[in-house]
$ cat coords-v4.cif   # mmCIF, C-alpha atoms
data_final
#
loop_
_atom_site.label_atom_id
_atom_site.label_comp_id
_atom_site.auth_asym_id
_atom_site.auth_seq_id
_atom_site.Cartn_x
_atom_site.Cartn_y
_atom_site.Cartn_z
CA MET A 5 -37.00 1.92 4.23
CA SER A 6 -39.78 1.07 6.65
CA GLU A 7 -37.70 -1.80 8.06
CA LEU A 8 -34.86 0.48 9.22
CA PRO A 9 -36.36 1.43 12.62
CA ALA A 10 -36.64 -2.25 13.57
CA LEU A 11 -33.00 -2.81 12.61
CA LEU A 12 -31.91 0.21 14.65
CA HIS A 13 -33.91 -0.97 17.66
CA ARG A 14 -32.34 -4.41 17.45
CA ALA A 15 -28.85 -2.93 17.12
CA ALA A 16 -29.36 -0.57 20.04
CA ALA A 17 -30.34 -3.53 22.21
CA GLY A 18 -27.34 -5.64 21.20
CA ALA A 19 -24.52 -3.16 20.59
CA ALA A 20 -23.06 -3.26 24.12
CA GLU A 21 -22.97 -7.07 24.11
CA TRP A 22 -21.45 -7.17 20.62
CA ASP A 23 -18.65 -4.99 21.93
CA SER A 24 -17.56 -8.09 23.87
CA THR A 25 -18.77 -10.97 21.71
CA GLY A 26 -18.71 -9.60 18.17
CA MET A 27 -21.73 -8.84 16.01
CA PRO A 28 -23.51 -12.08 15.03
CA ARG A 29 -23.84 -13.05 11.38
CA GLU A 30 -27.62 -13.01 11.68
CA MET A 31 -27.40 -9.20 11.67
CA VAL A 32 -26.18 -9.37 8.08
CA ALA A 33 -29.51 -10.87 7.06
CA ALA A 34 -31.33 -8.29 9.19
CA ALA A 35 -29.46 -5.44 7.50
CA ALA A 36 -30.23 -6.89 4.08
CA GLU A 37 -33.90 -7.21 4.97
CA ALA A 38 -33.90 -3.57 6.05
CA GLY A 39 -32.57 -2.68 2.61
CA VAL A 40 -29.38 -0.93 3.71
CA LEU A 41 -26.74 -3.25 2.21
CA GLY A 42 -25.63 -1.71 -1.06
CA MET A 43 -28.64 0.59 -0.93
CA ASP A 44 -27.03 2.97 -3.42
CA ARG A 45 -26.64 0.24 -6.06
CA PRO A 46 -29.17 -0.02 -8.91
CA ALA A 47 -32.43 -1.84 -8.26
CA ARG A 48 -31.62 -4.42 -10.95
CA TYR A 49 -28.80 -5.62 -8.68
CA GLY A 50 -30.89 -5.66 -5.50
CA GLY A 51 -30.09 -2.13 -4.36
CA ARG A 52 -32.48 0.75 -3.72
CA GLY A 53 -30.94 3.21 -6.14
CA ALA A 54 -30.50 5.63 -3.24
CA ASP A 55 -28.78 8.94 -3.82
CA ALA A 56 -25.77 10.07 -1.81
CA LEU A 57 -27.78 12.06 0.73
CA ALA A 58 -30.12 9.17 1.54
CA THR A 59 -27.15 6.81 1.80
CA GLY A 60 -25.39 9.21 4.14
CA ARG A 61 -28.40 9.65 6.38
CA ALA A 62 -28.72 5.87 6.67
CA ALA A 63 -25.05 5.72 7.72
CA ALA A 64 -25.70 8.40 10.33
CA ALA A 65 -28.69 6.52 11.73
CA LEU A 66 -26.65 3.31 11.97
CA GLY A 67 -23.66 5.15 13.41
CA ALA A 68 -25.80 6.59 16.19
CA VAL A 69 -26.54 3.12 17.58
CA CYS A 70 -23.64 0.84 16.65
CA THR A 71 -20.34 1.54 14.91
CA SER A 72 -19.94 -2.12 14.03
CA LEU A 73 -23.27 -2.31 12.22
CA ARG A 74 -22.41 0.91 10.39
CA SER A 75 -19.06 -0.71 9.52
CA LEU A 76 -20.89 -3.63 7.92
CA PHE A 77 -22.93 -1.11 5.92
CA THR A 78 -19.69 0.61 4.90
CA VAL A 79 -17.54 -2.35 3.90
CA GLN A 80 -20.36 -4.10 2.05
CA GLY A 81 -21.01 -0.86 0.23
CA MET A 82 -17.31 -0.32 -0.55
CA VAL A 83 -16.98 -3.67 -2.28
CA ALA A 84 -20.35 -3.33 -4.05
CA ALA A 85 -19.47 0.16 -5.32
CA THR A 86 -16.14 -1.11 -6.62
CA VAL A 87 -17.67 -4.07 -8.44
CA ASP A 88 -20.34 -1.81 -9.90
CA ARG A 89 -17.78 0.73 -11.11
CA TRP A 90 -15.00 -1.55 -12.33
CA GLY A 91 -16.58 -4.95 -12.85
CA ALA A 92 -17.59 -6.38 -16.20
CA ALA A 93 -21.29 -7.05 -16.79
CA GLU A 94 -20.86 -10.70 -15.80
CA GLN A 95 -19.10 -9.71 -12.58
CA ARG A 96 -21.83 -7.25 -11.62
CA THR A 97 -24.50 -9.85 -12.27
CA ARG A 98 -22.64 -12.46 -10.24
CA TRP A 99 -21.55 -10.46 -7.20
CA LEU A 100 -23.85 -7.49 -6.65
CA PRO A 101 -27.12 -9.29 -5.85
CA ALA A 102 -25.27 -11.52 -3.37
CA LEU A 103 -23.76 -8.46 -1.67
CA THR A 104 -26.92 -6.38 -1.52
CA GLY A 105 -28.95 -9.41 -0.45
CA GLY A 106 -26.56 -10.39 2.34
CA GLU A 107 -25.85 -13.86 0.96
CA LEU A 108 -22.16 -12.93 0.94
CA VAL A 109 -20.25 -10.93 3.54
CA ALA A 110 -17.46 -8.88 2.00
CA GLY A 111 -14.20 -7.48 3.31
CA LEU A 112 -11.57 -5.10 1.99
CA ALA A 113 -8.02 -6.42 2.36
CA ALA A 114 -5.65 -3.52 1.75
CA THR A 115 -3.69 -2.73 4.94
CA GLU A 116 -0.41 -4.51 5.62
CA ALA A 117 2.22 -4.25 8.33
CA VAL A 118 4.13 -1.63 6.30
CA ALA A 119 1.25 -0.34 4.16
CA GLY A 120 -1.38 1.68 6.00
CA SER A 121 -2.47 5.09 4.72
CA ASN A 122 0.35 4.88 2.18
CA LEU A 123 -0.65 1.89 0.09
CA SER A 124 2.42 2.12 -2.11
CA GLY A 125 4.13 -0.20 0.37
CA ILE A 126 1.84 -3.17 -0.43
CA THR A 127 3.82 -6.40 -0.84
CA THR A 128 1.03 -8.94 -1.45
CA ARG A 129 1.75 -10.66 -4.78
CA PHE A 130 -0.45 -12.06 -7.52
CA THR A 131 1.34 -14.60 -9.69
CA GLY A 132 0.38 -16.45 -12.83
CA ALA A 133 -1.78 -15.46 -15.77
CA GLY A 134 -4.43 -16.88 -18.03
CA PRO A 135 -7.47 -18.54 -16.46
CA GLU A 136 -6.07 -18.48 -12.94
CA ARG A 137 -3.80 -16.47 -10.67
CA ARG A 138 -2.49 -17.17 -7.18
CA VAL A 139 -2.20 -14.65 -4.37
CA SER A 140 0.19 -14.68 -1.41
CA GLY A 141 0.61 -12.15 1.38
CA ARG A 142 -0.70 -11.02 4.74
CA LYS A 143 -3.43 -8.42 5.21
CA MET A 144 -4.23 -6.83 8.54
CA TRP A 145 -7.24 -5.23 10.22
CA VAL A 146 -9.82 -6.50 7.73
CA THR A 147 -13.23 -5.31 8.91
CA PHE A 148 -15.58 -8.31 9.08
CA GLY A 149 -12.67 -10.43 7.93
CA ALA A 150 -13.67 -13.10 10.45
CA LEU A 151 -17.04 -13.50 8.70
CA ALA A 152 -16.17 -12.58 5.13
CA ASP A 153 -17.02 -14.97 2.33
CA VAL A 154 -15.09 -12.87 -0.17
CA VAL A 155 -12.48 -10.14 0.21
CA LEU A 156 -11.35 -7.50 -2.23
CA VAL A 157 -7.57 -7.90 -2.15
CA ALA A 158 -5.09 -5.30 -3.35
CA GLY A 159 -1.69 -6.54 -4.45
CA ARG A 160 1.03 -6.40 -7.05
CA SER A 161 1.93 -8.49 -10.08
CA ASP A 162 4.45 -8.44 -12.87
CA ASP A 163 1.84 -6.54 -14.89
CA GLY A 164 1.28 -3.87 -12.23
CA PRO A 165 -1.12 -3.39 -9.29
CA VAL A 166 -4.04 -5.82 -9.15
CA ALA A 167 -7.35 -5.86 -7.27
CA ALA A 168 -9.31 -9.09 -7.18
CA LEU A 169 -12.12 -10.78 -5.29
CA VAL A 170 -10.72 -13.71 -3.32
CA GLU A 171 -13.08 -16.28 -1.85
CA THR A 172 -12.15 -17.29 1.69
CA ASP A 173 -13.52 -20.85 1.87
CA GLN A 174 -10.54 -22.42 0.13
CA PRO A 175 -7.12 -23.82 0.97
CA GLY A 176 -4.49 -21.14 1.28
CA VAL A 177 -6.67 -18.61 3.14
CA HIS A 178 -5.98 -18.39 6.86
CA VAL A 179 -8.15 -16.21 9.10
CA GLU A 180 -6.90 -14.88 12.44
CA PRO A 181 -9.68 -13.11 14.38
CA VAL A 182 -8.66 -10.00 16.32
CA THR A 183 -10.25 -9.28 19.69
CA ASP A 184 -9.94 -6.64 22.42
CA GLN A 185 -8.69 -3.90 20.08
CA LEU A 186 -9.34 -0.29 21.09
CA GLY A 187 -12.56 0.22 19.13
CA MET A 188 -14.89 -1.38 16.61
CA ARG A 189 -14.87 -4.46 18.81
CA GLY A 190 -18.05 -5.85 17.32
CA ALA A 191 -16.86 -5.57 13.70
CA ARG A 192 -15.36 -9.08 13.56
CA ILE A 193 -11.95 -7.76 12.51
CA ALA A 194 -9.32 -10.27 11.40
CA HIS A 195 -5.87 -10.60 9.91
CA LEU A 196 -5.83 -12.70 6.73
CA THR A 197 -2.92 -14.65 5.30
CA PHE A 198 -2.99 -15.84 1.69
CA ASP A 199 -0.72 -18.72 0.77
CA ALA A 200 -1.00 -19.26 -2.99
CA ALA A 201 -4.79 -18.92 -2.75
CA ARG A 202 -6.65 -19.43 -6.02
CA VAL A 203 -7.92 -16.38 -7.92
CA PRO A 204 -9.87 -17.19 -11.11
CA ALA A 205 -9.31 -14.68 -13.89
CA GLU A 206 -12.98 -13.72 -13.78
CA ASN A 207 -12.46 -12.45 -10.19
CA VAL A 208 -9.95 -9.77 -11.24
CA LEU A 209 -11.47 -6.27 -11.42
CA ALA A 210 -10.34 -4.02 -14.27
CA ARG A 211 -7.02 -4.64 -15.93
CA PRO A 212 -3.70 -4.90 -14.08
CA GLY A 213 -2.25 -1.49 -13.39
CA PHE A 214 -5.54 -0.05 -12.12
CA GLY A 215 -5.55 -1.95 -8.81
CA LEU A 216 -4.51 0.86 -6.46
CA SER A 217 -5.19 4.21 -8.08
CA HIS A 218 -8.56 3.36 -9.61
CA VAL A 219 -10.16 0.22 -8.22
CA LEU A 220 -9.08 0.65 -4.62
CA GLY A 221 -9.62 4.38 -4.89
CA THR A 222 -13.32 3.79 -5.55
CA ALA A 223 -13.62 1.60 -2.47
CA LEU A 224 -11.81 4.04 -0.18
CA ASP A 225 -13.80 7.03 -1.41
CA HIS A 226 -17.07 5.23 -0.70
CA GLY A 227 -15.74 4.19 2.70
CA ARG A 228 -14.73 7.72 3.69
CA TYR A 229 -18.15 9.03 2.72
CA THR A 230 -20.19 6.60 4.82
CA ILE A 231 -17.74 6.81 7.72
CA ALA A 232 -18.14 10.59 7.68
CA TRP A 233 -21.90 10.37 8.01
CA GLY A 234 -21.60 7.56 10.55
CA CYS A 235 -19.40 9.81 12.68
CA THR A 236 -22.04 12.54 12.66
CA GLY A 237 -24.47 9.97 14.05
CA MET A 238 -22.00 9.01 16.77
CA ALA A 239 -21.31 12.62 17.68
CA ARG A 240 -24.98 13.61 17.84
CA ALA A 241 -25.80 10.56 19.97
CA CYS A 242 -23.05 11.53 22.42
CA LEU A 243 -24.36 15.09 22.55
CA THR A 244 -27.87 13.81 23.23
CA ASP A 245 -26.71 11.52 26.05
CA ALA A 246 -24.57 14.25 27.62
CA ALA A 247 -27.34 16.87 27.44
CA ALA A 248 -29.94 14.54 28.94
CA HIS A 249 -27.61 13.64 31.82
CA ALA A 250 -26.69 17.29 32.44
CA ARG A 251 -30.35 18.27 32.51
CA ASP A 252 -31.41 15.53 34.93
CA ARG A 253 -28.34 15.02 37.15
CA ILE A 254 -28.41 17.00 40.42
CA GLN A 255 -25.38 17.34 42.67
CA SER A 256 -25.50 19.38 45.88
CA ASP A 257 -28.94 20.70 44.85
CA VAL A 258 -27.53 22.04 41.57
CA ARG A 259 -28.19 20.63 38.14
CA LEU A 260 -25.11 19.85 36.10
CA ALA A 261 -26.66 21.89 33.31
CA ASP A 262 -26.55 24.99 35.53
CA HIS A 263 -22.75 24.95 35.56
CA GLN A 264 -21.38 27.33 32.93
CA SER A 265 -18.55 24.94 32.07
CA VAL A 266 -21.01 22.14 31.28
CA ARG A 267 -23.15 24.40 29.10
CA ALA A 268 -20.01 25.50 27.26
CA MET A 269 -19.00 21.88 26.60
CA LEU A 270 -22.45 21.11 25.22
CA GLY A 271 -22.33 24.22 23.05
CA ARG A 272 -18.95 23.30 21.58
CA SER A 273 -20.16 19.79 20.80
CA TRP A 274 -23.27 21.15 19.09
CA VAL A 275 -21.17 23.40 16.86
CA ASP A 276 -18.83 20.50 16.04
CA VAL A 277 -21.75 18.25 15.10
CA GLU A 278 -23.58 20.86 13.03
CA GLY A 279 -20.39 21.82 11.20
CA ALA A 280 -19.55 18.21 10.40
CA GLU A 281 -23.06 17.51 9.15
CA ALA A 282 -22.95 20.59 6.93
CA LEU A 283 -19.74 19.32 5.31
CA CYS A 284 -21.29 15.87 4.88
CA THR A 285 -24.31 17.43 3.21
CA ARG A 286 -22.02 19.38 0.90
CA ALA A 287 -20.18 16.17 0.04
CA ALA A 288 -23.52 14.49 -0.72
CA ARG A 289 -24.52 17.30 -3.05
CA ASP A 290 -21.18 17.20 -4.85
CA ARG A 291 -21.42 13.43 -5.28
CA ASP A 292 -24.96 13.52 -6.62
CA ASP A 293 -24.08 16.38 -8.98
CA ARG A 294 -20.85 14.62 -10.05
CA GLU A 295 -18.82 17.71 -9.23
CA PRO A 296 -15.04 17.45 -9.73
CA THR A 297 -14.66 18.51 -6.08
CA ALA A 298 -16.62 15.50 -4.79
CA GLN A 299 -13.65 13.47 -3.58
CA LEU A 300 -12.10 16.43 -1.79
CA ALA A 301 -15.45 17.32 -0.22
CA THR A 302 -15.66 13.75 1.08
CA ILE A 303 -12.16 13.97 2.56
CA ALA A 304 -13.10 17.22 4.31
CA ALA A 305 -16.35 15.74 5.60
CA LYS A 306 -14.67 12.63 6.95
CA TYR A 307 -11.93 14.70 8.60
CA ALA A 308 -14.40 17.03 10.32
CA ALA A 309 -16.89 14.33 11.27
CA ALA A 310 -14.27 12.04 12.80
CA ALA A 311 -12.96 15.00 14.80
CA ALA A 312 -16.51 15.82 15.92
CA ALA A 313 -17.10 12.24 17.04
CA ALA A 314 -13.85 12.30 19.01
CA SER A 315 -14.53 15.64 20.69
CA ALA A 316 -18.23 15.05 21.38
CA SER A 317 -17.60 11.59 22.84
CA ASP A 318 -14.76 12.95 24.99
CA ARG A 319 -16.99 15.68 26.41
CA ALA A 320 -19.89 13.29 26.86
CA VAL A 321 -17.82 10.90 28.94
CA GLN A 322 -16.57 13.86 31.00
CA ILE A 323 -20.10 15.09 31.66
CA LEU A 324 -21.50 11.62 32.32
CA GLY A 325 -18.67 10.84 34.73
CA ALA A 326 -18.92 7.36 36.19
CA ALA A 327 -21.93 6.60 33.98
CA GLY A 328 -19.84 7.34 30.92
CA CYS A 329 -17.15 4.92 32.06
CA ALA A 330 -19.55 2.13 33.02
CA PRO A 331 -19.91 -1.08 30.98
CA GLY A 332 -22.54 -0.61 28.30
CA SER A 333 -22.15 3.15 28.08
CA ARG A 334 -22.83 4.31 24.54
CA ALA A 335 -20.66 7.39 25.00
CA GLY A 336 -17.84 5.27 26.39
CA ARG A 337 -18.06 2.86 23.47
CA PHE A 338 -18.11 5.71 20.96
CA TYR A 339 -15.16 7.35 22.73
CA ARG A 340 -13.07 4.30 21.80
CA ASP A 341 -14.61 3.91 18.35
CA ALA A 342 -14.05 7.56 17.46
CA LYS A 343 -10.29 7.31 17.71
CA ILE A 344 -10.37 4.50 15.14
CA MET A 345 -12.40 6.74 12.83
CA GLN A 346 -9.56 9.28 12.82
CA ILE A 347 -7.21 6.60 11.49
CA ILE A 348 -9.04 4.37 9.02
CA GLU A 349 -9.65 5.19 5.34
CA GLY A 350 -6.96 7.87 5.49
CA ALA A 351 -5.49 9.13 8.76
CA ARG A 352 -6.30 12.69 9.75
CA GLU A 353 -2.72 13.79 9.04
CA VAL A 354 -3.03 12.54 5.46
CA ALA A 355 -6.35 14.36 5.09
CA GLU A 356 -4.76 17.58 6.34
CA GLN A 357 -2.07 17.32 3.67
CA ASP A 358 -4.65 16.70 0.93
CA LEU A 359 -6.74 19.65 2.11
CA GLY A 360 -3.69 21.87 2.44
CA GLU A 361 -2.61 21.08 -1.11
CA PHE A 362 -6.10 22.02 -2.31
CA VAL A 363 -5.92 25.35 -0.50
CA LEU A 364 -2.53 26.17 -2.02
CA ARG A 365 -3.71 25.16 -5.49
CA SER A 366 -6.88 27.23 -5.09
CA VAL A 367 -4.86 30.29 -4.09
CA GLY A 368 -2.64 29.86 -7.13
CA GLU A 369 -5.61 29.52 -9.44
CA SER A 370 -7.30 32.53 -7.85
CA ARG A 371 -4.21 34.69 -8.33
CA ALA A 372 -3.85 33.56 -11.93
CA ALA A 373 -7.48 34.43 -12.62
CA SER A 374 -7.03 37.85 -10.98
CA ALA A 375 -3.95 38.51 -13.10
CA VAL A 376 -5.89 37.70 -16.26
CA VAL A 377 -8.70 40.07 -15.24
CA ALA A 378 -6.20 42.81 -14.35
CA GLY A 379 -4.48 42.35 -17.73
CA ARG A 380 -7.71 43.10 -19.50
#
$ encode --input "coords-v4.cif" --output "structure tokens"
Amino acid sequence: MSELPALLHRAAAGAAEWDSTGMPREMVAAAAEAGVLGMDRPARYGGRGADALATGRAAAALGAVCTSLRSLFTVQGMVAATVDRWGAAEQRTRWLPALTGGELVAGLAATEAVAGSNLSGITTRFTGAGPERRVSGRKMWVTFGALADVVLVAGRSDDGPVAALVETDQPGVHVEPVTDQLGMRGARIAHLTFDAARVPAENVLARPGFGLSHVLGTALDHGRYTIAWGCTGMARACLTDAAAHARDRIQSDVRLADHQSVRAMLGRSWVDVEGAEALCTRAARDRDDREPTAQLATIAAKYAAAAAAASASDRAVQILGAAGCAPGSRAGRFYRDAKIMQIIEGAREVAEQDLGEFVLRSVGESRAASAVVAGR
């Protein structure tokens, strides 16, 4: 991807401004030109056929300069991965080239006022059958919802959970942009209300009943993976900024870097970053090898990487002092963004429960195996 450095340079120059104004739509075309939108989709659909490791490293590079641009990469990839996995041949042919080419901006509409990490509380309803359904409900915190041409909506119907692509340029779709939230301020977040909006039958992915556990599960798994790598980029960028400032900043004839406490903070951040990247690399290997542990490895990677971004950005702001709190500070921006990363696509508390259950199950399996060996 020879065009990626130019995209990163452009994002680095605009990220601080986008934190106030929102990322402009023209960056969608720039990201498509750089080949990062849906880069892990097959070439016949406009993707690059990238493996999990290459996709992750691209997310890390984007995350190091602008969380909002990395969020575009993530949400476009989430919807593309879901269409590729669950769409019929006609749906893949229709939607994937438009997503990878940037002609359409996608959003994922899952969260509701009473349905966050636990999506079982979703109340959005799909009604009707045959050639057309209608959808009604309110979705919150839709990344790039203010720009989205199509959103993947999760809801319920008389036939069971449903996931469908809903086009936004129609009556019955109301977009409410969100501004001044804690982080991801450039990601054009919006709340969306659907009032009997039209959903052609050909826009429904998979059969009813698969909407949450399967279809939405694919999207969320892809999202966690790219967020994890994006967080390693954020964390390493914060470490770099903090180390450079500590090396060059002199107070009372003493470099900041010569204070033991500052060196210790930098050391802890380095360990956090390296550990998170190792887990991300493991998740990449498991995904490429189609290991049954791939989803759990992704949960672990996202958990560790989000924590690393939070801790490294916190220490960076502390070391940078006033410079870290100043407008335009990358560490300051990432400090706010990192907290969001610990919440979206599965809050850290949910991840801890999933990982804890795996540990307990592994212990049980290990004991059973030992008993079998001892019985021999």
$ atom_distance --input "coords-v4.cif" --atom1 "atom CA of A:Arg334" --atom2 "atom CA of A:Ala320"
9.7 Å
$ resolve_selection --input "coords-v4.cif" --expression "the PyMOL selection byres ((chain A and resi 210) around 8)" --output "PyMOL selection string"
chain A and resi 90-92+167+208-209+211-212+214-215+219
$ resolve_selection --input "coords-v4.cif" --expression "the PyMOL selection byres ((chain A and resi 155) around 12)" --output "PyMOL selection string"
chain A and resi 79-80+82-84+86-87+99+103+108-114+143+146-154+156-158+167-173+177+179+194-198+203+207-208
$ residues_around --input "coords-v4.cif" --residues "stretch 239-241 of chain A" --least-positions-apart "4" --cutoff "7 Å" --atoms "only C-alpha atoms" --output "list of chain:residue names"
A:Ala68, A:Cys235, A:Asp245, A:Val277, A:Ala312, A:Ala313, A:Ala316, A:Ser317
$ resolve_selection --input "coords-v4.cif" --expression "the PyMOL selection byres ((chain A and resi 233) around 9)" --output "ChimeraX atom specification"
/A:59-65,67,228-232,234-238,280-281,284-285,305-306,309
$ decode --input "coords-v4.cif" --residues "stretch 239-252 of chain A" --atoms "C-alpha atoms" --output "PDB file, in the first residue's frame"
ATOM      1  CA  ALA A 239      -0.312   3.627  22.986  1.00  0.00           C
ATOM      2  CA  ARG A 240       2.984   3.536  21.092  1.00  0.00           C
ATOM      3  CA  ALA A 241       2.443   7.076  19.799  1.00  0.00           C
ATOM      4  CA  CYS A 242       1.876   8.297  23.358  1.00  0.00           C
ATOM      5  CA  LEU A 243       5.014   6.520  24.519  1.00  0.00           C
ATOM      6  CA  THR A 244       7.006   8.111  21.702  1.00  0.00           C
ATOM      7  CA  ASP A 245       5.729  11.607  22.505  1.00  0.00           C
ATOM      8  CA  ALA A 246       6.367  11.174  26.231  1.00  0.00           C
ATOM      9  CA  ALA A 247       9.886   9.798  25.727  1.00  0.00           C
ATOM     10  CA  ALA A 248      10.858  12.583  23.313  1.00  0.00           C
ATOM     11  CA  HIS A 249       9.600  15.236  25.735  1.00  0.00           C
ATOM     12  CA  ALA A 250      11.353  13.620  28.702  1.00  0.00           C
ATOM     13  CA  ARG A 251      14.612  13.445  26.775  1.00  0.00           C
ATOM     14  CA  ASP A 252      14.528  17.078  25.622  1.00  0.00           C
TER      15      ASP A 252
END
